[in-house]
Structure formats: C-alpha cells, structure tokens
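The next block holds one structure in the form of structure tokens; read it before the comments.
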Amino acid sequence: MLAETPTTRPDTPAVTTAAAGAARRRHDDAPDTMALFGRLADLPEGSERDALRDELVTLWLPMAHRIAGRFRDRGESLEDLRQVAALGLVKAIDRFDPQRGAFESYAVPTITGEVKRHFRDRMWALRVPRRVQELRNKVRVARRELTQNPGSPEPSVAALAAHTGLTEDEVGAGMEALESFSTLSLDAELSAGDDGYSLADTLGAADASYDTVIDRESAKEGLRRLPERERAILYMRFFEDMTQSRIADQLGISQMHVSRLISRSCARVRDEATGRRTVRG
C-alpha cells in the first residue's frame, strides 16, 4: 500500500484556497499600501499627515474610478460618478483600521455604497420612499433575469411576484417606480405637426366659480337664522340691486337704520360662516 506523499515541500508554507482566491481577485489598481496606512495611523493631525493622506488617495483613485465605471449608462455622467467614488474613497481612507485586514476589502463596499447612495438620493426627479426604491430594484433585477434568454416574453406581474417573493401589489409599485425615475417637462410636445400641443395644455386651470359656490354654501345657514326683515333687506340690496334710500322708503325706516342693519347682518353671517369652517378644519 503506497503512502500518500505531500505535494508541497516541508519548508514551503501551503497557500490556502481563500488566499489563492483573494490573490486571483486582486486588481492592478490595488497597490500595496499597508506600510503607508500604518504610518498614517501613527501620525497626529498636521501637514505631514495630510500629505500622506493625499498620497494614499492618489494611489487608490484608479480603483475608485473603476468602481464608478460599473454604474455608467444609468443617467449620470461618468465624471460625476468618479467624483462620488472619490468621495467614498476619502471616507474609506479616513475610517480604515490597518489592523483589520486589507484596505481593498474595506474600500470596495464603502465606495460602492457611496455611489449607490448617490443614485438613491440625488438621481430621482421626485423624492421616492426608500421602500419603493428597493421594490423597483428587485423588480428590475427580476425582469432582467427572466428575459435574459433571447425570445423570452415580457414577464407578467404574477411571474415577477413568484420570482421575487413579493406580492403582486408590491410588484405593481415597483413597476410604476421603474417608469418614474425622471419627470416630463410641462412644455414637452405631445404631438407633432402644426397642431402640436404641450403637456401643460392638457391640464385644467383653477375655476374661480368654486370659491363662489363654497361662499354661498357657507352663508346659507347664517342667512336662514336672520330675522325676516333683515333677510328681506339683504335680498333687496344684493339681489335686486336696490339703493339703501329706496329700501328705506319701502320699509318706512331711515336710510341710516338700513345701513346699520345691513352691516350687522353681514357681520353675523360672516362670523357664523367662518366659525363653521374653523370647526370643520
């Protein structure tokens, strides 16, 4: 029976699978800066520390630009994405603890998270709740996975719900959010040709008559509570357009008395109407 012999020399340390995988994943834009990070951790605030920090940013900036490139063609310019990634890189350098492992393992999720946060907080024309944004992302990924084969039909709401584990209502909200990433200008042309019209042309305008209806309905109850003579005076003055002197002659009272009755009646109706609106509000 043959004895199993080791494939490595006794004096050669074995390379673990995880370490080999990490070595394969390492990119050309990941420099060896552990010594610099060790110095940075020991330096106090000052010009020397700032200079070393700037050097680390310069060395790792290509990696930040590579991460930003993953998010191109999503409605944001590559230059802006690189600036956001650079901000994430600075945050990663400031927060990194050299005793906890390789910088790349910490920086990649930090920078990626900063770019994703930029899309979540800045790229929506209208502020959308985070829950709806997450539904949108799940639906977007599910649609891509279900249609990745050529000739695949557009998945139904039920199929998306089954694939994501969401309810059909949640899928519907996510699909609506897919179409709501940007807004349409009110000046956008909706038809071509000489008879073209914009989106603003299809919108209704405020009708001042609604205010009149509301005022009349609010005043009705107060008018009913007035004494009969005062109701008659208001009717003659405001509906028959009679002068105060003519009303006075018809009722056999002075014009000054008519004026006082009109002022008192209007104030009473106004107070009752505004009081009811306050209670309802």
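Every chain in the structure tokens takes a letter, A first, then B, and so on in the order presented; its residues are numbered from 1, and the ligands are numbered from 1 following the presented order.
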
- [ ] Please provide the set of residues having any atom within 7 Å of range 136-149 of chain A, restricted to only C-alpha atoms, with same-chain residues fewer than 5 positions apart removed, written as JSON, numbers by chain.
- [x] {"A": [154, 155, 160, 163, 164, 171, 174, 175, 177, 178]}

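Using only C-alpha atoms, the shortest contact distance between Glu221 in chain A and any of A:Met236, A:Asp201, A:Ala273, A:Ser259 is found at A:Ala273.
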
- [ ] Would you mind telling me which residue in A:Ala35, A:Ala64, A:Cys266, A:Ile93 lies nearest to Ala219 in chain A when using only C-alpha atoms?
- [x]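 Checking each of A:Ala35, A:Ala64, A:Cys266, A:Ile93 against Ala219 in chain A, counting only C-alpha atoms, the winner is A:Cys266.
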
Task: One-decimal distance in Å that lies between CA of Pro62 in chain A and CA of Arg117 in chain A - done: 20.4 Å

Open item on the list: Which residues are close to Arg268 in chain A, i.e. within 9 Å by only C-alpha atoms, leaving aside same-chain residues fewer than 5 positions away? Reply as an NGL selection string.
Closed with: :A and (222-223 or 226 or 263 or 273)

Task: 12 Å contact set for Ile111 in chain A, only C-alpha atoms, chain neighbours under 3 positions out, as an NGL selection string - done: :A and (60-61 or 63-71 or 81-93 or 103-108 or 114-118)

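With only C-alpha atoms as the atoms that count, the minimum distance from Ser77 in chain A to the choices A:Asp187, A:Asp241, A:Ala41, A:Phe119 is reached by A:Phe119.
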
Task: In range 140-208 of chain A, DSSP helix (DSSP H, G or I) residues written as a ChimeraX atom specification - done: /A:140-146,157-164,168-178,199-202

Now that the selection is made, can you save its residues with N, CA, C and O atoms as a CSV table (one decimal), in the first residue's frame?
```csv
chain,number,residue,atom,x,y,z
A,140,ARG,N,-36.6,45.3,-11.2
A,140,ARG,CA,-35.7,45.5,-12.3
A,140,ARG,C,-34.8,44.3,-12.5
A,140,ARG,O,-34.6,43.8,-13.6
A,141,VAL,N,-34.2,43.8,-11.4
A,141,VAL,CA,-33.4,42.6,-11.5
A,141,VAL,C,-34.1,41.4,-11.9
A,141,VAL,O,-33.7,40.6,-12.7
A,142,ALA,N,-35.3,41.2,-11.4
A,142,ALA,CA,-36.2,40.0,-11.8
A,142,ALA,C,-36.5,40.1,-13.2
A,142,ALA,O,-36.5,39.0,-13.9
A,143,ARG,N,-36.8,41.2,-13.8
A,143,ARG,CA,-37.2,41.3,-15.2
A,143,ARG,C,-36.0,41.0,-16.1
A,143,ARG,O,-36.1,40.3,-17.1
A,144,ARG,N,-34.8,41.4,-15.6
A,144,ARG,CA,-33.6,41.1,-16.4
A,144,ARG,C,-33.3,39.6,-16.4
A,144,ARG,O,-32.9,39.0,-17.4
A,145,GLU,N,-33.5,39.0,-15.2
A,145,GLU,CA,-33.2,37.5,-15.1
A,145,GLU,C,-34.2,36.7,-15.9
A,145,GLU,O,-33.8,35.7,-16.4
A,146,LEU,N,-35.5,37.1,-15.9
A,146,LEU,CA,-36.5,36.4,-16.6
A,146,LEU,C,-36.5,36.6,-18.1
A,146,LEU,O,-37.1,35.8,-18.8
A,157,VAL,N,-47.0,40.2,-14.1
A,157,VAL,CA,-46.9,40.6,-12.7
A,157,VAL,C,-46.8,39.4,-11.8
A,157,VAL,O,-46.1,39.3,-10.8
A,158,ALA,N,-47.6,38.4,-12.1
A,158,ALA,CA,-47.7,37.1,-11.3
A,158,ALA,C,-46.3,36.4,-11.4
A,158,ALA,O,-45.8,35.9,-10.4
A,159,ALA,N,-45.7,36.4,-12.6
A,159,ALA,CA,-44.4,35.8,-12.7
A,159,ALA,C,-43.3,36.5,-11.9
A,159,ALA,O,-42.4,35.9,-11.3
A,160,LEU,N,-43.3,37.8,-12.0
A,160,LEU,CA,-42.4,38.6,-11.2
A,160,LEU,C,-42.6,38.4,-9.7
A,160,LEU,O,-41.6,38.4,-8.9
A,161,ALA,N,-43.9,38.4,-9.3
A,161,ALA,CA,-44.1,38.2,-7.9
A,161,ALA,C,-43.6,36.8,-7.4
A,161,ALA,O,-43.0,36.7,-6.3
A,162,ALA,N,-43.8,35.8,-8.2
A,162,ALA,CA,-43.3,34.4,-7.9
A,162,ALA,C,-41.8,34.4,-7.8
A,162,ALA,O,-41.2,33.7,-7.0
A,163,HIS,N,-41.1,35.1,-8.7
A,163,HIS,CA,-39.7,35.1,-8.8
A,163,HIS,C,-39.0,35.9,-7.7
A,163,HIS,O,-38.0,35.5,-7.2
A,164,THR,N,-39.7,37.0,-7.2
A,164,THR,CA,-39.1,37.8,-6.2
A,164,THR,C,-39.6,37.5,-4.8
A,164,THR,O,-39.0,38.0,-3.8
A,168,GLU,N,-48.2,40.8,-5.5
A,168,GLU,CA,-48.5,41.5,-6.8
A,168,GLU,C,-48.6,43.0,-6.7
A,168,GLU,O,-48.3,43.7,-7.6
A,169,ASP,N,-49.2,43.4,-5.6
A,169,ASP,CA,-49.3,44.9,-5.3
A,169,ASP,C,-47.9,45.5,-5.2
A,169,ASP,O,-47.6,46.6,-5.7
A,170,GLU,N,-47.0,44.8,-4.5
A,170,GLU,CA,-45.6,45.3,-4.4
A,170,GLU,C,-44.9,45.3,-5.7
A,170,GLU,O,-44.2,46.3,-6.0
A,171,VAL,N,-45.1,44.3,-6.5
A,171,VAL,CA,-44.6,44.3,-7.9
A,171,VAL,C,-45.1,45.5,-8.7
A,171,VAL,O,-44.4,46.2,-9.4
A,172,GLY,N,-46.4,45.7,-8.6
A,172,GLY,CA,-47.0,46.9,-9.3
A,172,GLY,C,-46.4,48.2,-8.9
A,172,GLY,O,-46.1,49.0,-9.7
A,173,ALA,N,-46.1,48.4,-7.6
A,173,ALA,CA,-45.5,49.6,-7.1
A,173,ALA,C,-44.1,49.7,-7.6
A,173,ALA,O,-43.6,50.8,-8.0
A,174,GLY,N,-43.4,48.6,-7.7
A,174,GLY,CA,-42.0,48.6,-8.2
A,174,GLY,C,-42.0,48.9,-9.7
A,174,GLY,O,-41.1,49.6,-10.2
A,175,MET,N,-43.0,48.4,-10.5
A,175,MET,CA,-43.0,48.7,-11.9
A,175,MET,C,-43.4,50.1,-12.2
A,175,MET,O,-42.9,50.7,-13.1
A,176,GLU,N,-44.2,50.7,-11.3
A,176,GLU,CA,-44.6,52.1,-11.5
A,176,GLU,C,-43.3,52.9,-11.2
A,176,GLU,O,-43.1,53.9,-11.9
A,177,ALA,N,-42.5,52.5,-10.2
A,177,ALA,CA,-41.3,53.3,-9.9
A,177,ALA,C,-40.3,53.2,-11.0
A,177,ALA,O,-39.5,54.1,-11.2
A,178,LEU,N,-40.3,52.1,-11.8
A,178,LEU,CA,-39.4,51.9,-12.9
A,178,LEU,C,-39.6,53.0,-13.9
A,178,LEU,O,-38.7,53.4,-14.6
A,199,LEU,N,-47.8,69.2,-22.8
A,199,LEU,CA,-48.5,68.6,-21.6
A,199,LEU,C,-49.2,69.6,-20.8
A,199,LEU,O,-50.3,69.3,-20.3
A,200,ALA,N,-48.7,70.8,-20.7
A,200,ALA,CA,-49.4,71.9,-19.9
A,200,ALA,C,-50.8,72.2,-20.5
A,200,ALA,O,-51.7,72.6,-19.8
A,201,ASP,N,-50.9,72.1,-21.9
A,201,ASP,CA,-52.2,72.4,-22.5
A,201,ASP,C,-53.3,71.4,-22.1
A,201,ASP,O,-54.5,71.7,-22.3
A,202,THR,N,-52.9,70.2,-21.6
A,202,THR,CA,-53.9,69.2,-21.2
A,202,THR,C,-54.3,69.3,-19.8
A,202,THR,O,-55.2,68.6,-19.3
```

Task: Selection near range 248-250 of chain A, 12 Å with only C-alpha atoms, sequence-local residues under 3 positions removed, as number ranges by chain - done: A: 229, 232-233, 236-237, 242-245, 253-262

Pull N, CA, C and O atoms from the residues just selected and write them as a short mmCIF file (atom, residue, chain, number, x, y, z; two decimals), in the first residue's frame.
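To be explicit, this is the file written out as out-v3.cif:
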```cif
data_model
loop_
_atom_site.label_atom_id
_atom_site.label_comp_id
_atom_site.auth_asym_id
_atom_site.auth_seq_id
_atom_site.Cartn_x
_atom_site.Cartn_y
_atom_site.Cartn_z
N ARG A 229 -87.11 90.51 8.42
CA ARG A 229 -86.89 91.83 7.84
C ARG A 229 -85.45 92.00 7.36
O ARG A 229 -85.21 92.56 6.29
N ALA A 232 -84.94 90.22 4.15
CA ALA A 232 -85.56 90.97 3.06
C ALA A 232 -84.67 92.13 2.64
O ALA A 232 -84.52 92.42 1.44
N ILE A 233 -84.08 92.83 3.62
CA ILE A 233 -83.20 93.95 3.30
C ILE A 233 -81.99 93.48 2.49
O ILE A 233 -81.61 94.10 1.49
N MET A 236 -83.08 92.63 -1.08
CA MET A 236 -83.31 93.81 -1.91
C MET A 236 -81.99 94.50 -2.27
O MET A 236 -81.83 94.99 -3.39
N ARG A 237 -81.06 94.51 -1.33
CA ARG A 237 -79.81 95.24 -1.60
C ARG A 237 -78.89 94.47 -2.54
O ARG A 237 -78.32 95.06 -3.48
N MET A 242 -81.13 97.25 -5.13
CA MET A 242 -81.82 98.47 -4.71
C MET A 242 -80.90 99.32 -3.83
O MET A 242 -80.07 98.78 -3.09
N THR A 243 -81.03 100.64 -3.93
CA THR A 243 -80.24 101.53 -3.10
C THR A 243 -80.77 101.52 -1.67
O THR A 243 -81.92 101.12 -1.41
N GLN A 244 -79.94 101.96 -0.73
CA GLN A 244 -80.37 101.99 0.68
C GLN A 244 -81.53 102.96 0.88
O GLN A 244 -82.44 102.69 1.68
N SER A 245 -81.49 104.07 0.16
CA SER A 245 -82.59 105.05 0.32
C SER A 245 -83.91 104.46 -0.18
O SER A 245 -84.98 104.67 0.43
N ILE A 253 -88.40 103.20 7.08
CA ILE A 253 -87.38 103.46 8.10
C ILE A 253 -86.34 104.38 7.51
O ILE A 253 -86.32 104.65 6.30
N SER A 254 -85.39 104.83 8.34
CA SER A 254 -84.36 105.76 7.85
C SER A 254 -83.28 104.99 7.07
O SER A 254 -83.06 103.80 7.28
N GLN A 255 -82.61 105.75 6.21
CA GLN A 255 -81.52 105.15 5.44
C GLN A 255 -80.39 104.71 6.36
O GLN A 255 -79.75 103.67 6.13
N MET A 256 -80.11 105.49 7.43
CA MET A 256 -79.06 105.13 8.38
C MET A 256 -79.38 103.82 9.07
O MET A 256 -78.49 102.97 9.30
N HIS A 257 -80.68 103.62 9.38
CA HIS A 257 -81.08 102.37 10.02
C HIS A 257 -80.86 101.18 9.07
O HIS A 257 -80.41 100.10 9.47
N VAL A 258 -81.19 101.39 7.79
CA VAL A 258 -80.95 100.34 6.79
C VAL A 258 -79.46 100.01 6.72
O VAL A 258 -79.08 98.83 6.66
N SER A 259 -78.62 101.03 6.72
CA SER A 259 -77.18 100.81 6.65
C SER A 259 -76.67 100.01 7.84
O SER A 259 -75.87 99.08 7.70
N ARG A 260 -77.17 100.35 9.05
CA ARG A 260 -76.75 99.61 10.24
C ARG A 260 -77.23 98.16 10.19
O ARG A 260 -76.50 97.23 10.56
N LEU A 261 -78.45 97.94 9.73
CA LEU A 261 -78.97 96.57 9.64
C LEU A 261 -78.17 95.73 8.65
O LEU A 261 -77.90 94.54 8.89
N ILE A 262 -77.80 96.33 7.51
CA ILE A 262 -77.01 95.59 6.51
C ILE A 262 -75.64 95.22 7.08
O ILE A 262 -75.18 94.07 6.95
#
```

Open item on the list: Measuring between only C-alpha atoms, which one of A:Glu134, A:Asp50, A:Phe37, A:Thr274 shows the shortest distance to Gly101 in chain A?
Closed with: A:Phe37

- [ ] Enter the distance from CA of Thr33 in chain A to CA of Asp54 in chain A, in Å, rounded to one decimal.
- [x]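 For CA of Thr33 in chain A relative to CA of Asp54 in chain A, the distance reads 12.8 Å.
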
Task: Selection near Ser218 in chain A, 10 Å with only C-alpha atoms, sequence-local residues under 2 positions removed, as a PyMOL selection string - done: chain A and resi 212-216+220-223+269-270+272-277

Pull C-alpha atoms from the residues just selected and write them as a compact mmCIF listing (two decimals), in the first residue's frame.
```txt
# COMPACT_ATOMS: atom_id res chain seq x y z
CA THR A 212 -68.29 81.39 -5.07
CA VAL A 213 -70.09 78.09 -4.53
CA ILE A 214 -68.23 77.50 -1.28
CA ASP A 215 -69.02 81.00 -0.04
CA ARG A 216 -72.72 80.65 -0.85
CA LYS A 220 -76.79 79.70 3.73
CA GLU A 221 -77.24 78.65 7.34
CA GLY A 222 -76.40 82.11 8.67
CA LEU A 223 -78.92 83.74 6.32
CA VAL A 269 -73.48 85.77 8.61
CA ARG A 270 -69.71 86.14 8.10
CA GLU A 272 -71.13 82.09 11.54
CA ALA A 273 -69.66 81.00 8.20
CA THR A 274 -66.03 81.41 9.28
CA GLY A 275 -66.78 79.78 12.62
CA ARG A 276 -68.19 76.66 10.93
CA ARG A 277 -65.16 76.49 8.60
```

Task: Interatomic distance, CA of Pro44 in chain A to CA of Leu56 in chain A (Å, one decimal) - done: 16.3 Å

- [ ] Compile the contact shell of Leu36 in chain A as a list in words: residues with an atom at most 10 Å away, counting only C-alpha atoms, same-chain residues fewer than 6 positions apart removed.
- [x]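 Result of the neighbour search: Leu52, Arg53, Glu55, Leu56 and Pro98 of chain A.
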